[in-house]
Amino acid sequence: MKRTLSVLLVLMLIMTLAGCSQGTTVEEPQIAESAIQDGTFTGIGEGKNGDIEVEVTIAGGVITQAKVLSSDDTEGISDVAIEQVIAAVVANNSTNVEAVSGASLTSFGLLEAVRDAVSKAGATEADFTTDMVIALAKRTEEADQSFDVVIIGAGGAGLAAAVEASEAGASVVVLEKMPFIGGNTMVSGGGLNVPGSWAQEAVGVDDSIELYFEDTMKGGDNLANPSLVHILADNALNAALWLKEDLGVGFMEDRLQQFGGHSVARAIIATGNHGTDLIEKLAARAEETGVVIKMEIKANELMIEDGRVVGVVAEAANGDAVVFHAEKGVIMATGGFGSNMEMRMQYNPELDDRYMTTDQPGTTGDGIIMAEVVNAELIGMEYIQTYPTCNPVTGIISYVANTRFDGGILVNMEGERFVNEMDRRDVVSRGILEQTSASAFLLWGQEIETKGHMTEVHDLEFATLKDQGLLVEAATLEEAAQVLGVNVEALTASVAEYNQFVAGEVELDVVKKGALRTIAEGPFYLQRVVPSVHHTMGGLMINEEAQVINQDGEAVEGLYAAGEVTGGIHGSNRLGGNAVTDVIVFGRIAGRNVVK
Ligand code: ADP
């Protein structure tokens with residue numbers, strides 16, 4: 001566009017000059033040939049998870065087509081960015097395009113890749129850059145729509161509910177306010193506790209539904225609703241088999257994880273130690289069975305008729321109000337409120353701005369606010385969990401730091417252990433906040449690294465942490481300590497004592513539970529970590545059928561809830577690996593019951 005303009009300007013200038021020199025002989029104007037070649041060119045940009053490769057076709061000096069050849073960015077998160085950004089580039093012949101909120105790194109990577117491709121056609125940066133940023137086209141929606149079931153939130157709970165409701169014959173729409181699906185399940189480690197799983201059988205771990213029930217109750221200070229915890233424990237294996245065998249979710253063959261507070265290792269871990277496969281397979285099955293998933297639609301209000309919930313008033317991406325009638329009912333699956341600082345502090349002032357959050361930005365407690373209109377009973381709102389080992393720059397959970405479960409130890413800047421690394425998340429988190437600079441350092445060596453290969457399984461995160469100066473890999477303990485400013489002598493002494501403890505030669509002042517492995521073989525890894533808000537245990541009270549209960553103790557007609565928006569399942573503290581079990585078990589229950 002700019003190129004055409006400059007050619008026009010040159011032409012006008014020559015004609016003006018020609019006009020000024022009347023009577024003289026004017027030669028044919030010489031317009032420089034366009035330096036931009038026509039053809040198809042590929043380019044590379046850096047997306048969220050690695051390189052994005054695009055192919056751009058130029059004809060007549062204009063971008064006529066662009067498509068993504070490869071990208072490692074997460075499906076479900078990057079889809080909308082790819083579709084909208086590429087469409088805007090082609091429609092406007094410009095790489096000066098707005099990023100998709102929530103998928104900005106993918107957007108930037110795409111634009112960088114297009115710029116790289118057009119540079120190979122001989123274009124300069126200015127050739128395909130409009131002065132104004134191109135705003136992305138916002139989707140429009142029909143103002144009035146009807147389905148049997150309206151589900152709010154496309155995280156694990158919402159999608160599991162959608163599959164069940166749809167398979168029972170209902171027409172289902174899932175409303176998701178973000179431009180991507182998956183919620184916190186997508187950004188999770190993909191672990192779920194399952195007593196009696198194939199993975200436990202393979203390594204001979206003796207477990208039972210009753211033991212899992214007891215651990216979960218105890219882990220939440222016995223404040224959970226026992227009948228809901230029984231449902232969780234009774235249905236965990238069935239849910240896992242459904243995921244694996246019916247939906248085809250992949251699980252890591254050699255990994256069975258013991259999170260803090262569990263008596264035995266009982267968490268199976270989805271492929272890649274993240275939630276992507278879970279969400280992709282749930283969404284794929286939902287779409288196969290006819291579920292309509294609508295992104296960038298924010299539910300704002302429940303519609304009530306004669307005390308029954310009959311639909312949802314939502315806001316489309318372009319700001320228009322859209323009514324979704326729900327013939328059979330509405331399922332609230334909006335997640336927790338970890339990303340809503342005001343709400344966090346309203347219910348528990350301790351969770352102030354010292355804490356970032358591991359959550360994706362959509363978890364702002366909308367479901368709890370929307371359910372006020374039906375006088376929903378709230379339970380356990382003050383119980384907000386922090387995750388101890390997160391990235392001090394972004395607040396997001398560190399999966400590389402899962403080496404803690406394989407035997408990594410936490411030390412402070414003074415080089416000393418201060419907490420049982422396998423204690424409950426709240427205990428470890430508070431312990432870390434009490435240390436100098438309110439952070440801690442996780443240390444491990446080869447004995448631990450070769451157990452879980454965390455730096456390989458999470459290679460992208462590992463590289464990012466190194467770039468951010470938050471993780472050091474060093475041949476010696478001394479070097480690692482020096483780089484991150486940890487007291488070298490004290491750390492060396494602590495590690496020597498720790499190794500003696502692993503060998504059964506001494507006792508430690510600070511208890512250490514879980515896997516015991518020495519830290520003697522290099523390279524050594526030292527990683528700075530902070531706690532971050534991770535899970536809100538409180539929320540809407542539900543009954544065994546996943547119906548929302550009001551303040552008079554009655555089930556609200558037409559309103560169901562599942563997942564982190566509910567309260568009462570985890571008491572004061574959710575154990576690791578229990579969130580995914582919860583969202584799948586109760587999502588399915590809500591989806592089955594709403595159509596009854
Ligand atoms: P759960 O683990 O319970 O499934 P998640 O946090 O994974 O919860 O998912 C909740 C989803 O709900 C997120 O994707 C979030 O963006 C979405 N969500 C939250 N509030 C709304 C709303 N008002 N309208 C539509 N979607 C919402």
# chains A, B, ... in the order shown; residues from 1 in each chain; ligands from 1
$ closest_atom_pairs --of "chain A" --to "ligand 1" --cutoff "8 Å" --atoms "only C-alpha atoms and all ligand atoms" --output "Markdown table"
| residue | atom | partner | partner_atom_place_in_ligand_line | distance |
| --- | --- | --- | --- | --- |
| A:Ile152 | CA | ligand 1 | 25 (C) | 5.1 |
| A:Gly153 | CA | ligand 1 | 12 (O) | 3.1 |
| A:Ala154 | CA | ligand 1 | 14 (O) | 4.9 |
| A:Gly155 | CA | ligand 1 | 9 (O) | 3.4 |
| A:Gly156 | CA | ligand 1 | 4 (O) | 3.9 |
| A:Ala157 | CA | ligand 1 | 4 (O) | 3.8 |
| A:Gly158 | CA | ligand 1 | 4 (O) | 5.6 |
| A:Leu159 | CA | ligand 1 | 4 (O) | 7.6 |
| A:Leu175 | CA | ligand 1 | 25 (C) | 5.0 |
| A:Glu176 | CA | ligand 1 | 26 (N) | 3.7 |
| A:Lys177 | CA | ligand 1 | 25 (C) | 4.0 |
| A:Met178 | CA | ligand 1 | 16 (O) | 5.1 |
| A:Phe180 | CA | ligand 1 | 14 (O) | 7.3 |
| A:Ile181 | CA | ligand 1 | 14 (O) | 5.5 |
| A:Gly182 | CA | ligand 1 | 14 (O) | 5.4 |
| A:Gly183 | CA | ligand 1 | 7 (O) | 3.4 |
| A:Asn184 | CA | ligand 1 | 7 (O) | 3.6 |
| A:Thr185 | CA | ligand 1 | 7 (O) | 4.6 |
| A:Met186 | CA | ligand 1 | 7 (O) | 7.0 |
| A:Glu296 | CA | ligand 1 | 25 (C) | 7.7 |
| A:Ile297 | CA | ligand 1 | 25 (C) | 5.9 |
| A:Lys298 | CA | ligand 1 | 24 (N) | 3.7 |
| A:Ala299 | CA | ligand 1 | 24 (N) | 3.8 |
| A:Asn300 | CA | ligand 1 | 23 (N) | 5.6 |
| A:Ala314 | CA | ligand 1 | 24 (N) | 7.4 |
| A:Ala333 | CA | ligand 1 | 3 (O) | 5.4 |
| A:Thr334 | CA | ligand 1 | 12 (O) | 3.6 |
| A:Gly335 | CA | ligand 1 | 8 (O) | 3.3 |
| A:Gly336 | CA | ligand 1 | 6 (O) | 6.0 |
| A:Asp359 | CA | ligand 1 | 6 (O) | 7.4 |
| A:Gln360 | CA | ligand 1 | 6 (O) | 7.1 |
| A:Pro361 | CA | ligand 1 | 16 (O) | 6.9 |
| A:Gly362 | CA | ligand 1 | 16 (O) | 3.6 |
| A:Thr363 | CA | ligand 1 | 19 (C) | 5.4 |
| A:Thr364 | CA | ligand 1 | 20 (N) | 6.4 |
| A:Gly365 | CA | ligand 1 | 20 (N) | 6.7 |
| A:Asp366 | CA | ligand 1 | 20 (N) | 4.9 |
| A:Gly367 | CA | ligand 1 | 20 (N) | 6.3 |
| A:Ala562 | CA | ligand 1 | 3 (O) | 6.2 |
| A:Gly563 | CA | ligand 1 | 3 (O) | 3.3 |
| A:Glu564 | CA | ligand 1 | 3 (O) | 3.9 |
| A:Val565 | CA | ligand 1 | 3 (O) | 5.8 |
| A:Thr566 | CA | ligand 1 | 3 (O) | 7.9 |
| A:Ala579 | CA | ligand 1 | 2 (O) | 6.8 |
| A:Val580 | CA | ligand 1 | 2 (O) | 7.0 |
| A:Val583 | CA | ligand 1 | 3 (O) | 5.6 |
| A:Gly587 | CA | ligand 1 | 4 (O) | 7.9 |
$ select_by_dssp --residues "stretch 304-367 of chain A" --states "helix (DSSP H, G or I)" --output "PyMOL selection string"
chain A and resi 341-347+366-367
$ residues_around --residues "A:Val229" --least-positions-apart "6" --cutoff "9 Å" --atoms "only C-alpha atoms" --output "list in words"
Phe213, Thr216, Met217, Gly568, Ile569 and His570 of chain A
$ residues_around --residues "stretch 399-406 of chain A" --least-positions-apart "3" --cutoff "8 Å" --atoms "only C-alpha atoms" --output "list of chain:residue names"
A:Gly189, A:Gln257, A:Gln258, A:Phe259, A:Thr389, A:Ile409, A:Glu421, A:Met422, A:Leu442, A:Trp444, A:Ile448, A:Glu449, A:Lys451, A:Gly452, A:Met454, A:Thr455, A:His458, A:Glu461, A:Phe462, A:Gly514, A:Ala515, A:Leu516, A:Arg517, A:Gln527
$ closest_residue --among "A:Gly567, A:Ser227, A:Glu83, A:Val483" --to "A:Glu382" --atoms "only C-alpha atoms"
A:Gly567
$ select_by_dssp --residues "stretch 302-447 of chain A" --states "strand (DSSP E)" --output "PyMOL selection string"
chain A and resi 302-305+308-315+321-332+378-379+384-390+409-411+440-444
$ residues_around --residues "A:Thr394" --least-positions-apart "3" --cutoff "10 Å" --atoms "only C-alpha atoms" --output "list in words"
Met356, Thr357, Thr358, Cys390, Asn391, Ile397 and Ser532 of chain A
$ closest_residue --among "A:Thr386, A:Glu245, A:Val548, A:Gly220" --to "A:Ile368" --atoms "only C-alpha atoms"
A:Val548
$ residues_around --residues "A:Asp148" --least-positions-apart "2" --cutoff "12 Å" --atoms "only C-alpha atoms" --output "PyMOL selection string"
chain A and resi 145-146+150-151+162+165-166+168-174+291-292+310-311+324-331+558+591+594-596
$ write_last_selection --atoms "C-alpha atoms" --output "mmCIF file, in the first residue's frame"
data_model
loop_
_atom_site.group_PDB
_atom_site.id
_atom_site.type_symbol
_atom_site.label_atom_id
_atom_site.label_comp_id
_atom_site.auth_asym_id
_atom_site.auth_seq_id
_atom_site.Cartn_x
_atom_site.Cartn_y
_atom_site.Cartn_z
ATOM 1 C CA GLN A 145 -29.810 -18.160 20.018
ATOM 2 C CA SER A 146 -31.258 -21.320 21.555
ATOM 3 C CA VAL A 150 -25.415 -23.505 27.691
ATOM 4 C CA ILE A 151 -22.023 -24.060 29.300
ATOM 5 C CA ALA A 162 -20.116 -30.534 26.983
ATOM 6 C CA ALA A 165 -24.407 -33.522 27.517
ATOM 7 C CA SER A 166 -23.912 -33.741 23.787
ATOM 8 C CA ALA A 168 -26.743 -37.721 25.740
ATOM 9 C CA GLY A 169 -28.401 -36.085 22.739
ATOM 10 C CA ALA A 170 -28.551 -32.405 23.750
ATOM 11 C CA SER A 171 -27.631 -29.428 21.590
ATOM 12 C CA VAL A 172 -24.794 -27.707 23.454
ATOM 13 C CA VAL A 173 -22.979 -24.386 23.220
ATOM 14 C CA VAL A 174 -19.844 -23.561 25.209
ATOM 15 C CA VAL A 291 -20.934 -29.077 20.423
ATOM 16 C CA VAL A 292 -20.588 -25.443 19.325
ATOM 17 C CA VAL A 310 -33.322 -20.354 31.480
ATOM 18 C CA GLY A 311 -30.361 -18.805 29.738
ATOM 19 C CA PHE A 324 -28.432 -17.710 24.718
ATOM 20 C CA HIS A 325 -31.618 -19.538 25.728
ATOM 21 C CA ALA A 326 -31.025 -22.796 27.578
ATOM 22 C CA GLU A 327 -33.902 -25.234 27.204
ATOM 23 C CA LYS A 328 -32.550 -27.698 29.764
ATOM 24 C CA GLY A 329 -30.089 -25.728 31.824
ATOM 25 C CA VAL A 330 -26.868 -23.777 32.280
ATOM 26 C CA ILE A 331 -23.581 -25.172 33.546
ATOM 27 C CA GLY A 558 -31.632 -25.264 35.739
ATOM 28 C CA GLY A 591 -23.094 -32.715 31.775
ATOM 29 C CA VAL A 594 -28.330 -31.226 33.068
ATOM 30 C CA VAL A 595 -30.012 -33.248 30.329
ATOM 31 C CA LYS A 596 -31.964 -35.563 32.628
#
$ residues_around --residues "A:Tyr347" --least-positions-apart "6" --cutoff "9 Å" --atoms "only C-alpha atoms" --output "PyMOL selection string"
chain A and resi 381-384
$ atom_distance --atom1 "atom CA of A:Ala113" --atom2 "atom CA of A:Ala66"
10.4 Å
$ atom_distance --atom1 "atom CA of A:Ala199" --atom2 "atom CA of A:Pro226"
26.5 Å
$ atom_distance --atom1 "atom CA of A:Asp207" --atom2 "atom CA of A:Ala265"
8.7 Å
$ decode --residues "stretch 519-530 of chain A" --atoms "all heavy atoms" --output "PDB file, in the first residue's frame"
ATOM      1  N   ILE A 519      22.761 -35.331  46.058  1.00  0.00           N
ATOM      2  CA  ILE A 519      23.044 -34.233  45.128  1.00  0.00           C
ATOM      3  C   ILE A 519      24.569 -34.121  45.088  1.00  0.00           C
ATOM      4  O   ILE A 519      25.182 -33.284  45.753  1.00  0.00           O
ATOM      5  CB  ILE A 519      22.379 -32.927  45.611  1.00  0.00           C
ATOM      6  CG1 ILE A 519      20.866 -33.166  45.771  1.00  0.00           C
ATOM      7  CG2 ILE A 519      22.644 -31.781  44.631  1.00  0.00           C
ATOM      8  CD1 ILE A 519      20.094 -32.018  46.352  1.00  0.00           C
ATOM      9  N   ALA A 520      25.184 -35.035  44.354  1.00  0.00           N
ATOM     10  CA  ALA A 520      26.649 -35.111  44.374  1.00  0.00           C
ATOM     11  C   ALA A 520      27.253 -35.065  42.986  1.00  0.00           C
ATOM     12  O   ALA A 520      28.396 -34.659  42.806  1.00  0.00           O
ATOM     13  CB  ALA A 520      27.075 -36.403  45.081  1.00  0.00           C
ATOM     14  N   GLU A 521      26.466 -35.467  41.994  1.00  0.00           N
ATOM     15  CA  GLU A 521      27.001 -35.510  40.621  1.00  0.00           C
ATOM     16  C   GLU A 521      26.558 -34.302  39.819  1.00  0.00           C
ATOM     17  O   GLU A 521      25.373 -33.980  39.774  1.00  0.00           O
ATOM     18  CB  GLU A 521      26.439 -36.746  39.895  1.00  0.00           C
ATOM     19  CG  GLU A 521      27.145 -38.035  40.207  1.00  0.00           C
ATOM     20  CD  GLU A 521      26.404 -39.200  39.546  1.00  0.00           C
ATOM     21  OE1 GLU A 521      25.895 -39.039  38.423  1.00  0.00           O
ATOM     22  OE2 GLU A 521      26.317 -40.246  40.210  1.00  0.00           O
ATOM     23  N   GLY A 522      27.530 -33.654  39.178  1.00  0.00           N
ATOM     24  CA  GLY A 522      27.209 -32.529  38.320  1.00  0.00           C
ATOM     25  C   GLY A 522      26.778 -32.987  36.948  1.00  0.00           C
ATOM     26  O   GLY A 522      26.910 -34.177  36.627  1.00  0.00           O
ATOM     27  N   PRO A 523      26.294 -32.101  36.050  1.00  0.00           N
ATOM     28  CA  PRO A 523      26.072 -30.703  36.395  1.00  0.00           C
ATOM     29  C   PRO A 523      24.959 -30.527  37.441  1.00  0.00           C
ATOM     30  O   PRO A 523      24.061 -31.344  37.561  1.00  0.00           O
ATOM     31  CB  PRO A 523      25.654 -30.072  35.062  1.00  0.00           C
ATOM     32  CG  PRO A 523      25.440 -31.146  34.099  1.00  0.00           C
ATOM     33  CD  PRO A 523      26.001 -32.412  34.660  1.00  0.00           C
ATOM     34  N   PHE A 524      25.091 -29.389  38.132  1.00  0.00           N
ATOM     35  CA  PHE A 524      24.114 -29.034  39.164  1.00  0.00           C
ATOM     36  C   PHE A 524      23.195 -27.952  38.606  1.00  0.00           C
ATOM     37  O   PHE A 524      23.606 -27.160  37.756  1.00  0.00           O
ATOM     38  CB  PHE A 524      24.835 -28.513  40.414  1.00  0.00           C
ATOM     39  CG  PHE A 524      25.723 -29.552  41.030  1.00  0.00           C
ATOM     40  CD1 PHE A 524      27.071 -29.644  40.663  1.00  0.00           C
ATOM     41  CD2 PHE A 524      25.215 -30.438  41.961  1.00  0.00           C
ATOM     42  CE1 PHE A 524      27.886 -30.609  41.218  1.00  0.00           C
ATOM     43  CE2 PHE A 524      26.040 -31.421  42.519  1.00  0.00           C
ATOM     44  CZ  PHE A 524      27.370 -31.506  42.147  1.00  0.00           C
ATOM     45  N   TYR A 525      21.985 -27.965  39.114  1.00  0.00           N
ATOM     46  CA  TYR A 525      20.994 -26.974  38.669  1.00  0.00           C
ATOM     47  C   TYR A 525      20.492 -26.217  39.898  1.00  0.00           C
ATOM     48  O   TYR A 525      20.124 -26.822  40.896  1.00  0.00           O
ATOM     49  CB  TYR A 525      19.811 -27.659  37.989  1.00  0.00           C
ATOM     50  CG  TYR A 525      20.212 -28.539  36.828  1.00  0.00           C
ATOM     51  CD1 TYR A 525      20.566 -29.868  37.041  1.00  0.00           C
ATOM     52  CD2 TYR A 525      20.243 -28.042  35.533  1.00  0.00           C
ATOM     53  CE1 TYR A 525      20.945 -30.683  35.986  1.00  0.00           C
ATOM     54  CE2 TYR A 525      20.609 -28.852  34.466  1.00  0.00           C
ATOM     55  CZ  TYR A 525      20.964 -30.177  34.698  1.00  0.00           C
ATOM     56  OH  TYR A 525      21.329 -30.974  33.655  1.00  0.00           O
ATOM     57  N   LEU A 526      20.489 -24.884  39.785  1.00  0.00           N
ATOM     58  CA  LEU A 526      19.986 -24.056  40.882  1.00  0.00           C
ATOM     59  C   LEU A 526      18.990 -23.077  40.265  1.00  0.00           C
ATOM     60  O   LEU A 526      19.310 -22.370  39.306  1.00  0.00           O
ATOM     61  CB  LEU A 526      21.150 -23.306  41.540  1.00  0.00           C
ATOM     62  CG  LEU A 526      20.891 -22.674  42.905  1.00  0.00           C
ATOM     63  CD1 LEU A 526      20.504 -23.714  43.951  1.00  0.00           C
ATOM     64  CD2 LEU A 526      22.116 -21.891  43.385  1.00  0.00           C
ATOM     65  N   GLN A 527      17.778 -23.081  40.809  1.00  0.00           N
ATOM     66  CA  GLN A 527      16.700 -22.307  40.193  1.00  0.00           C
ATOM     67  C   GLN A 527      15.997 -21.443  41.233  1.00  0.00           C
ATOM     68  O   GLN A 527      15.566 -21.939  42.276  1.00  0.00           O
ATOM     69  CB  GLN A 527      15.674 -23.271  39.563  1.00  0.00           C
ATOM     70  CG  GLN A 527      14.506 -22.581  38.930  1.00  0.00           C
ATOM     71  CD  GLN A 527      13.403 -23.539  38.512  1.00  0.00           C
ATOM     72  OE1 GLN A 527      13.558 -24.768  38.598  1.00  0.00           O
ATOM     73  NE2 GLN A 527      12.283 -23.006  38.076  1.00  0.00           N
ATOM     74  N   ARG A 528      15.864 -20.128  40.939  1.00  0.00           N
ATOM     75  CA  ARG A 528      15.171 -19.241  41.883  1.00  0.00           C
ATOM     76  C   ARG A 528      13.658 -19.397  41.710  1.00  0.00           C
ATOM     77  O   ARG A 528      13.150 -19.392  40.590  1.00  0.00           O
ATOM     78  CB  ARG A 528      15.579 -17.791  41.630  1.00  0.00           C
ATOM     79  CG  ARG A 528      15.335 -16.931  42.824  1.00  0.00           C
ATOM     80  CD  ARG A 528      15.863 -15.531  42.683  1.00  0.00           C
ATOM     81  NE  ARG A 528      14.844 -14.661  43.218  1.00  0.00           N
ATOM     82  CZ  ARG A 528      14.399 -13.577  42.647  1.00  0.00           C
ATOM     83  NH1 ARG A 528      14.921 -13.156  41.519  1.00  0.00           N
ATOM     84  NH2 ARG A 528      13.446 -12.875  43.200  1.00  0.00           N
ATOM     85  N   VAL A 529      12.940 -19.550  42.812  1.00  0.00           N
ATOM     86  CA  VAL A 529      11.488 -19.767  42.752  1.00  0.00           C
ATOM     87  C   VAL A 529      10.748 -18.902  43.776  1.00  0.00           C
ATOM     88  O   VAL A 529      11.310 -18.525  44.807  1.00  0.00           O
ATOM     89  CB  VAL A 529      11.126 -21.258  43.021  1.00  0.00           C
ATOM     90  CG1 VAL A 529      11.601 -22.153  41.896  1.00  0.00           C
ATOM     91  CG2 VAL A 529      11.695 -21.743  44.354  1.00  0.00           C
ATOM     92  N   VAL A 530       9.496 -18.581  43.452  1.00  0.00           N
ATOM     93  CA  VAL A 530       8.625 -17.857  44.399  1.00  0.00           C
ATOM     94  C   VAL A 530       7.253 -18.540  44.414  1.00  0.00           C
ATOM     95  O   VAL A 530       6.885 -19.190  43.435  1.00  0.00           O
ATOM     96  CB  VAL A 530       8.411 -16.379  43.994  1.00  0.00           C
ATOM     97  CG1 VAL A 530       9.686 -15.577  44.047  1.00  0.00           C
ATOM     98  CG2 VAL A 530       7.756 -16.270  42.619  1.00  0.00           C
TER      99      VAL A 530
END
